[in-house]
>>> print(open('input.txt').read())   # compact mmCIF, C-alpha atoms
# COMPACT_ATOMS: atom_id res chain seq x y z
CA MET D 8 -58.05 -12.24 -110.71
CA LYS D 9 -57.28 -10.87 -107.26
CA HIS D 10 -60.48 -8.76 -107.23
CA LYS D 11 -62.57 -11.79 -108.24
CA LEU D 12 -61.08 -13.83 -105.41
CA ILE D 13 -61.89 -11.08 -102.87
CA PHE D 14 -65.45 -10.83 -104.22
CA LEU D 15 -65.87 -14.61 -103.94
CA ILE D 16 -64.65 -14.63 -100.34
CA VAL D 17 -67.00 -11.79 -99.38
CA TRP D 18 -69.92 -13.49 -101.13
CA VAL D 19 -69.32 -16.81 -99.39
CA THR D 20 -68.94 -15.06 -96.02
CA MET D 21 -72.23 -13.22 -96.47
CA THR D 22 -74.10 -16.38 -97.34
CA VAL D 23 -72.85 -17.95 -94.12
CA LEU D 24 -73.53 -14.98 -91.85
CA LEU D 25 -76.88 -13.92 -93.26
CA SER D 26 -79.52 -16.12 -91.68
CA GLY D 27 -82.50 -14.93 -93.66
CA CYS D 28 -85.93 -14.28 -92.12
CA TRP D 29 -85.42 -16.35 -88.99
CA SER D 30 -87.45 -13.92 -86.88
CA LYS D 31 -90.13 -13.02 -89.39
CA LYS D 32 -93.60 -12.10 -88.19
CA GLU D 33 -96.38 -12.42 -90.73
CA LEU D 34 -98.94 -9.63 -90.44
CA THR D 35 -101.77 -12.14 -90.76
CA ASP D 36 -100.48 -13.89 -87.63
CA LEU D 37 -100.38 -10.76 -85.43
CA ALA D 38 -103.02 -9.06 -83.29
CA ILE D 39 -101.77 -5.46 -83.11
CA VAL D 40 -102.57 -3.98 -79.70
CA ALA D 41 -103.25 -0.22 -79.95
CA ALA D 42 -104.07 0.36 -76.28
CA LEU D 43 -103.71 -1.53 -73.01
CA GLY D 44 -105.94 -0.88 -70.02
CA VAL D 45 -105.05 -2.16 -66.55
CA ASP D 46 -107.41 -2.41 -63.56
CA LYS D 47 -107.49 -4.35 -60.30
CA THR D 48 -110.39 -6.69 -59.53
CA GLU D 49 -112.11 -7.00 -56.15
CA ASP D 50 -110.31 -10.28 -55.47
CA GLY D 51 -106.90 -8.65 -56.04
CA LYS D 52 -106.19 -9.86 -59.58
CA TYR D 53 -105.08 -7.75 -62.52
CA ALA D 54 -107.65 -7.15 -65.25
CA ILE D 55 -106.31 -6.11 -68.64
CA THR D 56 -108.32 -4.74 -71.54
CA LEU D 57 -106.79 -4.93 -75.02
CA GLN D 58 -107.79 -2.66 -77.89
CA ILE D 59 -106.85 -4.58 -81.02
CA ILE D 60 -106.92 -3.04 -84.48
CA ASN D 61 -109.07 -4.56 -87.22
CA PRO D 62 -106.80 -3.72 -90.21
CA GLY D 63 -109.42 -4.23 -92.91
CA ASN D 64 -111.95 -1.98 -91.21
CA VAL D 65 -109.45 0.79 -90.57
CA ALA D 66 -108.03 0.76 -94.11
CA GLY D 67 -111.35 0.48 -95.88
CA GLY D 68 -113.46 2.58 -93.54
CA MET D 69 -116.55 1.33 -91.79
CA ARG D 70 -117.47 -1.33 -94.29
CA GLY D 71 -120.91 -2.71 -94.74
CA GLY D 72 -121.67 -6.37 -94.29
CA GLY D 73 -124.00 -8.56 -96.31
CA GLY D 74 -126.94 -7.70 -94.09
CA GLY D 75 -126.23 -3.98 -93.95
CA THR D 76 -124.33 -4.21 -90.66
CA GLN D 77 -121.06 -2.46 -89.97
CA SER D 78 -117.90 -3.57 -88.21
CA PRO D 79 -115.95 -1.50 -85.67
CA PRO D 80 -112.32 -0.52 -86.35
CA VAL D 81 -111.15 -2.22 -83.14
CA THR D 82 -111.99 -5.35 -81.18
CA ILE D 83 -111.80 -5.54 -77.39
CA TYR D 84 -110.52 -8.51 -75.42
CA SER D 85 -110.26 -8.81 -71.64
CA ALA D 86 -108.54 -11.20 -69.27
CA THR D 87 -107.46 -11.47 -65.64
CA GLY D 88 -104.44 -12.93 -63.90
CA ASN D 89 -102.40 -12.86 -60.72
CA ASN D 90 -99.90 -10.69 -62.58
CA LEU D 91 -99.80 -8.82 -65.87
CA VAL D 92 -97.85 -11.51 -67.71
CA GLU D 93 -100.39 -14.16 -66.73
CA ALA D 94 -103.29 -11.92 -67.73
CA SER D 95 -101.71 -11.30 -71.14
CA ARG D 96 -101.17 -15.00 -71.73
CA ARG D 97 -104.72 -15.80 -70.70
CA ALA D 98 -105.97 -13.23 -73.20
CA SER D 99 -104.13 -15.11 -75.95
CA SER D 100 -106.48 -18.05 -75.45
CA LYS D 101 -109.30 -15.88 -76.81
CA ILE D 102 -107.46 -14.63 -79.90
CA SER D 103 -106.46 -16.51 -83.02
CA ARG D 104 -103.32 -14.37 -83.45
CA ARG D 105 -100.25 -13.57 -81.37
CA LEU D 106 -100.57 -10.43 -79.27
CA TYR D 107 -98.16 -7.82 -80.64
CA TYR D 108 -97.29 -4.92 -78.32
CA ALA D 109 -94.64 -3.17 -80.43
CA HIS D 110 -97.24 -0.70 -81.75
CA THR D 111 -99.06 -0.10 -78.47
CA ASN D 112 -99.24 3.70 -78.20
CA LEU D 113 -101.36 4.05 -75.08
CA VAL D 114 -101.50 2.57 -71.59
CA VAL D 115 -104.52 3.42 -69.42
CA VAL D 116 -104.39 2.86 -65.67
CA GLY D 117 -107.62 2.63 -63.70
CA GLU D 118 -107.98 5.23 -60.94
CA ASN D 119 -108.55 2.67 -58.19
CA LEU D 120 -105.41 0.78 -59.15
CA ALA D 121 -103.38 4.00 -59.35
CA ARG D 122 -104.54 5.10 -55.88
CA GLU D 123 -104.39 1.83 -53.99
CA GLU D 124 -101.43 -0.03 -55.46
CA GLY D 125 -99.73 2.49 -57.73
CA VAL D 126 -98.10 2.23 -61.13
CA ALA D 127 -94.74 0.68 -60.17
CA THR D 128 -95.78 -2.92 -60.91
CA LEU D 129 -97.11 -1.94 -64.32
CA ILE D 130 -93.96 0.00 -65.18
CA ASP D 131 -91.75 -2.94 -64.16
CA ALA D 132 -93.68 -5.33 -66.43
CA VAL D 133 -93.59 -2.96 -69.39
CA ASP D 134 -89.92 -2.14 -68.96
CA ARG D 135 -88.99 -5.85 -68.96
CA ASP D 136 -90.93 -6.67 -72.13
CA HIS D 137 -88.68 -6.55 -75.20
CA GLU D 138 -91.59 -5.58 -77.48
CA PHE D 139 -93.19 -2.88 -75.36
CA ARG D 140 -91.83 0.65 -75.82
CA ILE D 141 -91.32 2.80 -72.75
CA THR D 142 -92.05 5.84 -74.94
CA THR D 143 -95.69 4.73 -74.91
CA THR D 144 -98.05 7.38 -73.51
CA MET D 145 -99.62 6.76 -70.11
CA VAL D 146 -102.88 8.22 -68.82
CA ILE D 147 -104.98 7.60 -65.72
CA ALA D 148 -108.72 7.02 -65.99
CA ASN D 149 -110.32 9.85 -64.02
CA GLN D 150 -113.35 8.67 -62.03
CA SER D 151 -113.52 5.61 -64.23
CA SER D 152 -111.95 2.27 -64.96
CA ALA D 153 -109.35 1.68 -67.63
CA GLU D 154 -111.70 -0.87 -69.17
CA ASP D 155 -114.39 1.75 -69.84
CA LEU D 156 -111.92 4.08 -71.57
CA VAL D 157 -110.33 1.40 -73.73
CA LYS D 158 -113.72 0.06 -74.84
CA THR D 159 -115.05 3.45 -75.97
CA LEU D 160 -115.45 3.93 -79.72
CA THR D 161 -114.66 7.40 -81.02
CA PRO D 162 -115.72 9.33 -84.14
CA VAL D 163 -113.28 11.16 -86.46
CA ASP D 164 -110.30 9.16 -85.20
CA LYS D 165 -111.20 5.57 -86.01
CA ILE D 166 -108.72 4.08 -83.55
CA PRO D 167 -109.69 5.28 -80.04
CA ALA D 168 -106.06 5.17 -78.83
CA ASN D 169 -105.14 7.77 -81.46
CA LYS D 170 -108.02 9.96 -80.29
CA VAL D 171 -106.56 10.08 -76.78
CA LEU D 172 -103.02 10.80 -78.01
CA LYS D 173 -104.07 13.59 -80.36
CA THR D 174 -106.35 15.17 -77.76
CA LEU D 175 -103.47 15.33 -75.28
CA GLU D 176 -101.16 16.89 -77.87
CA PHE D 177 -103.60 19.56 -79.06
CA SER D 178 -104.87 20.32 -75.57
CA GLN D 179 -101.31 20.97 -74.39
CA LYS D 180 -100.65 23.21 -77.40
CA VAL D 181 -103.88 25.20 -77.14
CA LEU D 182 -105.13 25.12 -73.53
CA GLY D 183 -102.11 24.15 -71.44
CA GLU D 184 -103.97 22.20 -68.73
CA THR D 185 -102.63 18.76 -69.67
CA ILE D 186 -99.22 17.16 -70.15
CA LYS D 187 -98.51 14.27 -72.46
CA THR D 188 -96.32 11.89 -70.47
CA SER D 189 -94.74 8.60 -71.47
CA ILE D 190 -93.94 5.61 -69.28
CA GLN D 191 -90.32 6.70 -69.49
CA ASP D 192 -91.23 10.17 -68.16
CA VAL D 193 -93.04 8.60 -65.21
CA MET D 194 -90.07 6.34 -64.49
CA LYS D 195 -87.67 9.29 -64.47
CA GLY D 196 -89.99 11.33 -62.26
CA LEU D 197 -90.35 8.60 -59.66
CA GLN D 198 -86.59 7.95 -59.67
CA SER D 199 -85.76 11.65 -59.28
CA PRO D 200 -84.75 13.18 -55.93
CA ASP D 201 -88.34 14.46 -55.56
CA GLU D 202 -89.95 11.03 -56.05
CA ALA D 203 -93.04 12.66 -57.55
CA THR D 204 -94.35 13.29 -61.04
CA VAL D 205 -97.52 13.96 -63.04
CA VAL D 206 -99.73 11.98 -65.43
CA SER D 207 -102.62 13.43 -67.40
CA GLY D 208 -106.11 12.14 -66.75
CA PHE D 209 -108.81 11.10 -69.22
CA ARG D 210 -112.44 10.48 -68.47
CA LEU D 211 -115.48 9.01 -70.12
CA VAL D 212 -118.46 11.35 -70.40
CA GLY D 213 -121.69 9.42 -70.87
CA ASN D 214 -122.90 5.85 -70.58
CA PRO D 215 -120.06 3.26 -70.61
CA LYS D 216 -122.27 0.61 -72.21
CA HIS D 217 -123.35 2.92 -75.01
CA ALA D 218 -119.77 4.13 -75.51
CA SER D 219 -118.64 0.69 -76.66
CA GLN D 220 -121.46 0.26 -79.17
CA LEU D 221 -121.18 1.11 -82.85
CA GLU D 222 -124.17 3.44 -82.60
CA ASN D 223 -122.07 5.82 -80.53
CA ILE D 224 -119.98 6.86 -83.55
CA GLN D 225 -122.90 6.89 -85.97
CA GLU D 226 -124.51 9.86 -84.25
CA SER D 227 -123.75 13.47 -85.20
CA GLU D 228 -123.51 14.23 -81.49
CA PRO D 229 -122.14 11.14 -79.72
CA GLU D 230 -123.83 10.38 -76.43
CA SER D 231 -120.57 9.15 -74.91
CA ALA D 232 -117.14 10.66 -75.47
CA LEU D 233 -113.58 10.72 -74.15
CA GLU D 234 -112.03 13.96 -72.96
CA ALA D 235 -108.86 15.11 -71.22
CA SER D 236 -109.50 15.67 -67.53
CA GLY D 237 -106.89 17.23 -65.29
CA ILE D 238 -103.44 16.20 -64.15
CA GLY D 239 -102.89 13.32 -61.76
CA ILE D 240 -100.23 13.75 -59.06
CA ILE D 241 -98.10 10.65 -58.53
CA LYS D 242 -96.16 10.43 -55.28
CA GLU D 243 -94.04 7.39 -54.44
CA GLY D 244 -95.76 5.57 -57.28
CA LYS D 245 -99.35 6.23 -56.19
CA LEU D 246 -102.02 8.70 -57.31
CA VAL D 247 -102.63 11.20 -54.48
CA ASP D 248 -104.62 14.03 -56.06
CA TRP D 249 -106.05 15.62 -59.20
CA TYR D 250 -105.32 19.16 -60.40
CA HIS D 251 -107.87 20.85 -62.64
CA GLY D 252 -108.24 24.25 -64.28
CA LYS D 253 -105.89 26.96 -63.06
CA ALA D 254 -104.00 24.68 -60.68
CA ALA D 255 -103.30 22.31 -63.55
CA ARG D 256 -102.14 25.11 -65.83
CA GLY D 257 -100.03 26.60 -63.04
CA THR D 258 -98.29 23.24 -62.79
CA VAL D 259 -97.58 23.23 -66.51
CA TRP D 260 -96.27 26.83 -66.27
CA ILE D 261 -93.76 25.91 -63.56
CA ARG D 262 -92.60 22.78 -65.39
CA ASP D 263 -92.03 24.92 -68.51
CA GLU D 264 -94.23 22.68 -70.61
CA ILE D 265 -96.75 25.29 -71.76
CA GLN D 266 -96.90 25.19 -75.55
CA GLY D 267 -99.79 27.61 -75.89
CA THR D 268 -102.73 28.84 -73.87
CA ASP D 269 -105.41 31.48 -73.46
CA ILE D 270 -105.52 33.80 -70.43
CA ASN D 271 -108.63 35.82 -69.63
CA ILE D 272 -108.48 39.00 -67.58
CA ASP D 273 -111.12 41.27 -66.11
CA TRP D 274 -111.54 44.82 -67.44
CA GLU D 275 -113.75 47.66 -66.31
CA ARG D 276 -115.73 45.48 -63.89
CA LYS D 277 -116.45 42.92 -66.58
CA LYS D 278 -115.29 39.38 -65.84
CA GLU D 279 -112.88 37.79 -68.30
CA ALA D 280 -113.42 40.62 -70.76
CA ILE D 281 -110.11 40.27 -72.63
CA ALA D 282 -108.60 37.09 -74.02
CA TYR D 283 -104.82 36.87 -74.37
CA GLN D 284 -103.19 34.15 -76.47
CA THR D 285 -99.59 33.19 -75.81
CA VAL D 286 -97.15 32.82 -78.68
CA ARG D 287 -93.90 32.26 -76.80
CA GLN D 288 -93.31 31.42 -73.15
CA LYS D 289 -90.41 30.37 -70.97
CA THR D 290 -90.10 29.49 -67.29
CA THR D 291 -86.85 29.09 -65.38
CA VAL D 292 -86.43 27.79 -61.84
CA SER D 293 -83.40 28.65 -59.70
CA ALA D 294 -82.54 27.52 -56.19
CA LYS D 295 -80.27 28.43 -53.33
CA VAL D 296 -79.77 27.46 -49.71
CA LYS D 297 -79.04 30.15 -47.11
CA ASN D 298 -78.43 29.38 -43.45
CA GLY D 299 -79.72 25.86 -44.03
CA LYS D 300 -83.03 27.08 -45.50
CA PRO D 301 -83.89 26.35 -49.16
CA HIS D 302 -85.23 29.10 -51.40
CA ILE D 303 -86.75 28.85 -54.88
CA SER D 304 -87.16 31.57 -57.49
CA ILE D 305 -89.46 31.20 -60.51
CA HIS D 306 -89.23 33.50 -63.50
CA THR D 307 -91.89 33.24 -66.21
CA ARG D 308 -91.86 35.28 -69.41
CA ALA D 309 -94.75 35.22 -71.88
CA GLU D 310 -95.37 36.95 -75.20
CA GLY D 311 -98.64 36.89 -77.04
CA SER D 312 -101.49 38.69 -78.73
CA ILE D 313 -105.00 39.86 -77.96
CA GLY D 314 -107.50 37.37 -79.26
CA GLU D 315 -110.76 38.99 -78.16
CA MET D 316 -112.10 42.07 -76.36
CA ASN D 317 -115.63 42.19 -74.96
CA VAL D 318 -115.28 45.83 -73.87
CA PRO D 319 -114.45 48.98 -75.87
CA VAL D 320 -110.75 49.59 -75.21
CA ASP D 321 -108.29 51.87 -76.94
CA ILE D 322 -105.25 49.62 -77.23
CA THR D 323 -103.33 52.24 -79.21
CA ASP D 324 -102.72 53.87 -75.82
CA VAL D 325 -99.42 52.63 -74.37
CA LYS D 326 -100.70 53.05 -70.82
CA VAL D 327 -103.66 50.78 -71.57
CA ILE D 328 -101.35 48.08 -72.92
CA SER D 329 -99.13 48.37 -69.85
CA LYS D 330 -102.16 48.00 -67.58
CA MET D 331 -103.26 44.89 -69.49
CA GLU D 332 -99.81 43.38 -69.15
CA GLU D 333 -99.90 43.99 -65.40
CA GLU D 334 -103.24 42.19 -65.14
CA LEU D 335 -101.89 39.29 -67.18
CA GLU D 336 -98.87 39.01 -64.90
CA LYS D 337 -101.13 38.92 -61.84
CA GLU D 338 -103.26 36.16 -63.37
CA VAL D 339 -100.31 33.94 -64.30
CA LYS D 340 -98.71 34.51 -60.88
CA LYS D 341 -101.99 33.55 -59.21
CA GLU D 342 -102.12 30.26 -61.15
CA ILE D 343 -98.51 29.40 -60.33
CA LYS D 344 -99.07 30.19 -56.65
CA LYS D 345 -102.21 28.04 -56.55
CA ALA D 346 -100.34 25.08 -58.04
CA ILE D 347 -97.53 25.41 -55.50
CA GLU D 348 -99.92 25.66 -52.54
CA GLN D 349 -101.82 22.55 -53.62
CA ALA D 350 -98.59 20.61 -54.15
CA GLN D 351 -97.34 21.65 -50.71
CA THR D 352 -100.59 20.41 -49.20
CA ASN D 353 -99.99 17.05 -50.87
CA LYS D 354 -96.31 17.12 -49.86
CA ALA D 355 -95.44 16.22 -53.44
CA ASP D 356 -92.69 18.14 -55.20
CA ILE D 357 -93.87 17.66 -58.79
CA PHE D 358 -91.97 20.72 -60.04
CA GLY D 359 -88.41 19.51 -59.60
CA PHE D 360 -87.52 22.03 -56.89
CA GLY D 361 -85.50 19.40 -55.05
CA GLU D 362 -83.56 18.62 -58.22
CA ALA D 363 -82.83 22.35 -58.68
CA ILE D 364 -81.39 22.50 -55.15
CA ARG D 365 -79.34 19.36 -55.77
CA ARG D 366 -77.78 20.94 -58.86
CA SER D 367 -77.01 24.27 -57.20
CA SER D 368 -75.98 23.03 -53.73
CA PRO D 369 -75.16 19.29 -53.73
CA GLY D 370 -73.74 19.36 -50.22
CA GLU D 371 -76.76 21.10 -48.72
CA TRP D 372 -79.12 18.80 -50.61
CA LYS D 373 -77.71 15.76 -48.82
CA LYS D 374 -78.85 17.32 -45.54
CA LEU D 375 -82.27 18.33 -46.87
CA LYS D 376 -83.17 15.20 -48.84
CA PRO D 377 -84.22 12.87 -45.95
CA MET D 378 -86.96 15.28 -44.84
CA TRP D 379 -87.57 17.13 -48.10
CA ASN D 380 -91.16 16.13 -48.93
CA GLU D 381 -92.34 15.96 -45.32
CA VAL D 382 -90.71 19.04 -43.78
CA TYR D 383 -88.89 21.39 -46.12
CA PHE D 384 -91.05 21.36 -49.25
CA PRO D 385 -94.39 22.10 -47.49
CA GLU D 386 -92.84 25.20 -45.86
CA LEU D 387 -90.74 26.25 -48.87
CA LYS D 388 -90.60 29.96 -49.70
CA VAL D 389 -90.98 30.64 -53.42
CA ASP D 390 -90.47 33.97 -55.19
CA ILE D 391 -92.54 34.29 -58.37
CA LYS D 392 -91.77 36.84 -61.06
CA VAL D 393 -93.89 37.04 -64.20
CA GLU D 394 -93.34 39.16 -67.29
CA ALA D 395 -96.15 39.30 -69.84
CA TYR D 396 -95.97 41.23 -73.10
CA ILE D 397 -98.62 42.02 -75.69
CA ARG D 398 -96.92 41.95 -79.09
CA ARG D 399 -99.90 41.94 -81.44
CA ALA D 400 -103.57 42.85 -81.47
CA GLY D 401 -104.85 40.65 -84.28
CA LEU D 402 -106.14 42.20 -87.49
CA ARG D 403 -107.50 45.34 -85.87
CA ASN D 404 -106.29 47.78 -83.24
CA LYS D 405 -109.50 49.57 -82.39
CA SER D 406 -112.20 47.55 -80.70
CA PHE D 407 -115.25 46.84 -82.86
CA LEU D 408 -117.40 47.76 -79.85
CA SER D 409 -115.73 51.20 -79.82
CA SER D 410 -116.71 51.64 -83.46
CA LEU D 411 -120.37 50.92 -82.63
CA ASN D 412 -120.30 53.47 -79.79
CA ASP D 413 -118.77 56.08 -82.11
CA ASP D 414 -121.53 55.54 -84.69
CA GLN D 415 -124.14 56.11 -82.01
>>> encode(input="input.txt", output="structure tokens")
Amino acid sequence: MKHKLIFLIVWVTMTVLLSGCWSKKELTDLAIVAALGVDKTEDGKYAITLQIINPGNVAGGMRGGGGGTQSPPVTIYSATGNNLVEASRRASSKISRRLYYAHTNLVVVGENLAREEGVATLIDAVDRDHEFRITTTMVIANQSSAEDLVKTLTPVDKIPANKVLKTLEFSQKVLGETIKTSIQDVMKGLQSPDEATVVSGFRLVGNPKHASQLENIQESEPESALEASGIGIIKEGKLVDWYHGKAARGTVWIRDEIQGTDINIDWERKKEAIAYQTVRQKTTVSAKVKNGKPHISIHTRAEGSIGEMNVPVDITDVKVISKMEEELEKEVKKEIKKAIEQAQTNKADIFGFGEAIRRSSPGEWKKLKPMWNEVYFPELKVDIKVEAYIRRAGLRNKSFLSSLNDDQ
């Protein structure tokens, strides 16, 4: 009897406390925003571009209509406003469903907006919104507007936002010249002692008008495409420069965010004759202050394998391997040095050197901080040590070119 009474009390309590589906959101009433693009108009207003998923088209593929036409997997809506909230609400007047930002995976910032005004206003709006996730990836449109990137239709990946995200991930794992950064990462970077951070760039290759048309993804070789394009340097909230190629990869090396890459070295007067693929890599940054002068030491260690040789080389010879490793170390050191020199020119400590000094010498950092980016960082002395090791040579030791020479 006692157990029944307890059960009855619990049951009655649950019926009172449980309020049911008071906050339900029917899928048929939601417009799921996959990507948000933000630009600034000539009259100073914010222009947003929304990439909204067409669920039926994505689930069922590119379906045919009654007249043989096809429908795109996303629909684009645009609106302007004096602020981002107003622009979003104005966009709702064009859509029969409520804008739903909880699944927005990508935010694209136009280059002009990033340079002239910066990203702080955008970050503030996103961080205040209870639906928007600050783990959303941010990119900057390189030599383009955010509108052009968001409107572009892409093959293979039906939802263009997913194309951008996957490209960033695989590019960082394979090439090492991009970094996938979230809004949260940008916030932390700008709030750090260095007040500088990085954001990967994306650009549209081809005709913007053609890129938004269905024909663009019906071609075996699309005329217009999206591709990762460098690393944008953000200082005090604004875009100040772009790093491409070796400078970009040097930046990723220092930040210890290399997941995989390919390094080419010269051999026997032949340019980029040997390709080296990294398997494991680690970079550590240490700092000290002596006689009031800051000093940074960078130690990079890489292990990998030979992926290709365009010259006949006997890699069974230990001396040859040692020579290759020396050349690899020189190449990585050159890239790291180039990244540092360019950052010093921009007076933007995107590597966290200031934070390293703060951790090692808090008292000294208080003296250095007021003039860090303007005085100390541009003249900073950095020691770079690189260790590169060749662990494997693929499925063959002897070069195939050597075999051909032996036959002759």
>>> closest_residue(input="input.txt", among="D:Glu184, D:Glu315, D:Asp321, D:Glu49", to="D:Ala346", atoms="all atoms listed in the file")
D:Glu184
>>> closest_residue(input="input.txt", among="D:Leu387, D:Val339, D:Ala280, D:Ile39", to="D:Ile265", atoms="all atoms listed in the file")
D:Val339
>>> atom_distance(input="input.txt", atom1="atom CA of D:Ala86", atom2="atom CA of D:Val157")
13.5 Å
>>> closest_residue(input="input.txt", among="D:Gln288, D:Asn271, D:Asn214, D:Ser152", to="D:Ser231", atoms="all atoms listed in the file")
D:Asn214
>>> closest_residue(input="input.txt", among="D:Ala395, D:Ser368, D:Val292, D:Glu386", to="D:Glu310", atoms="only C-alpha atoms")
D:Ala395
>>> residues_around(input="input.txt", residues="D:Asp155", least_positions_apart="2", cutoff="12 Å", atoms="all atoms listed in the file", output="PyMOL selection string")
chain D and resi 43-46+55-58+83+85+115-118+147-153+157-160+167+209-220+231-233
>>> atom_distance(input="input.txt", atom1="atom CA of D:Gln349", atom2="atom CA of D:Leu246")
14.3 Å
>>> closest_residue(input="input.txt", among="D:Glu226, D:Glu338, D:Asp201, D:Asp269", to="D:Glu362", atoms="all atoms listed in the file")
D:Asp201
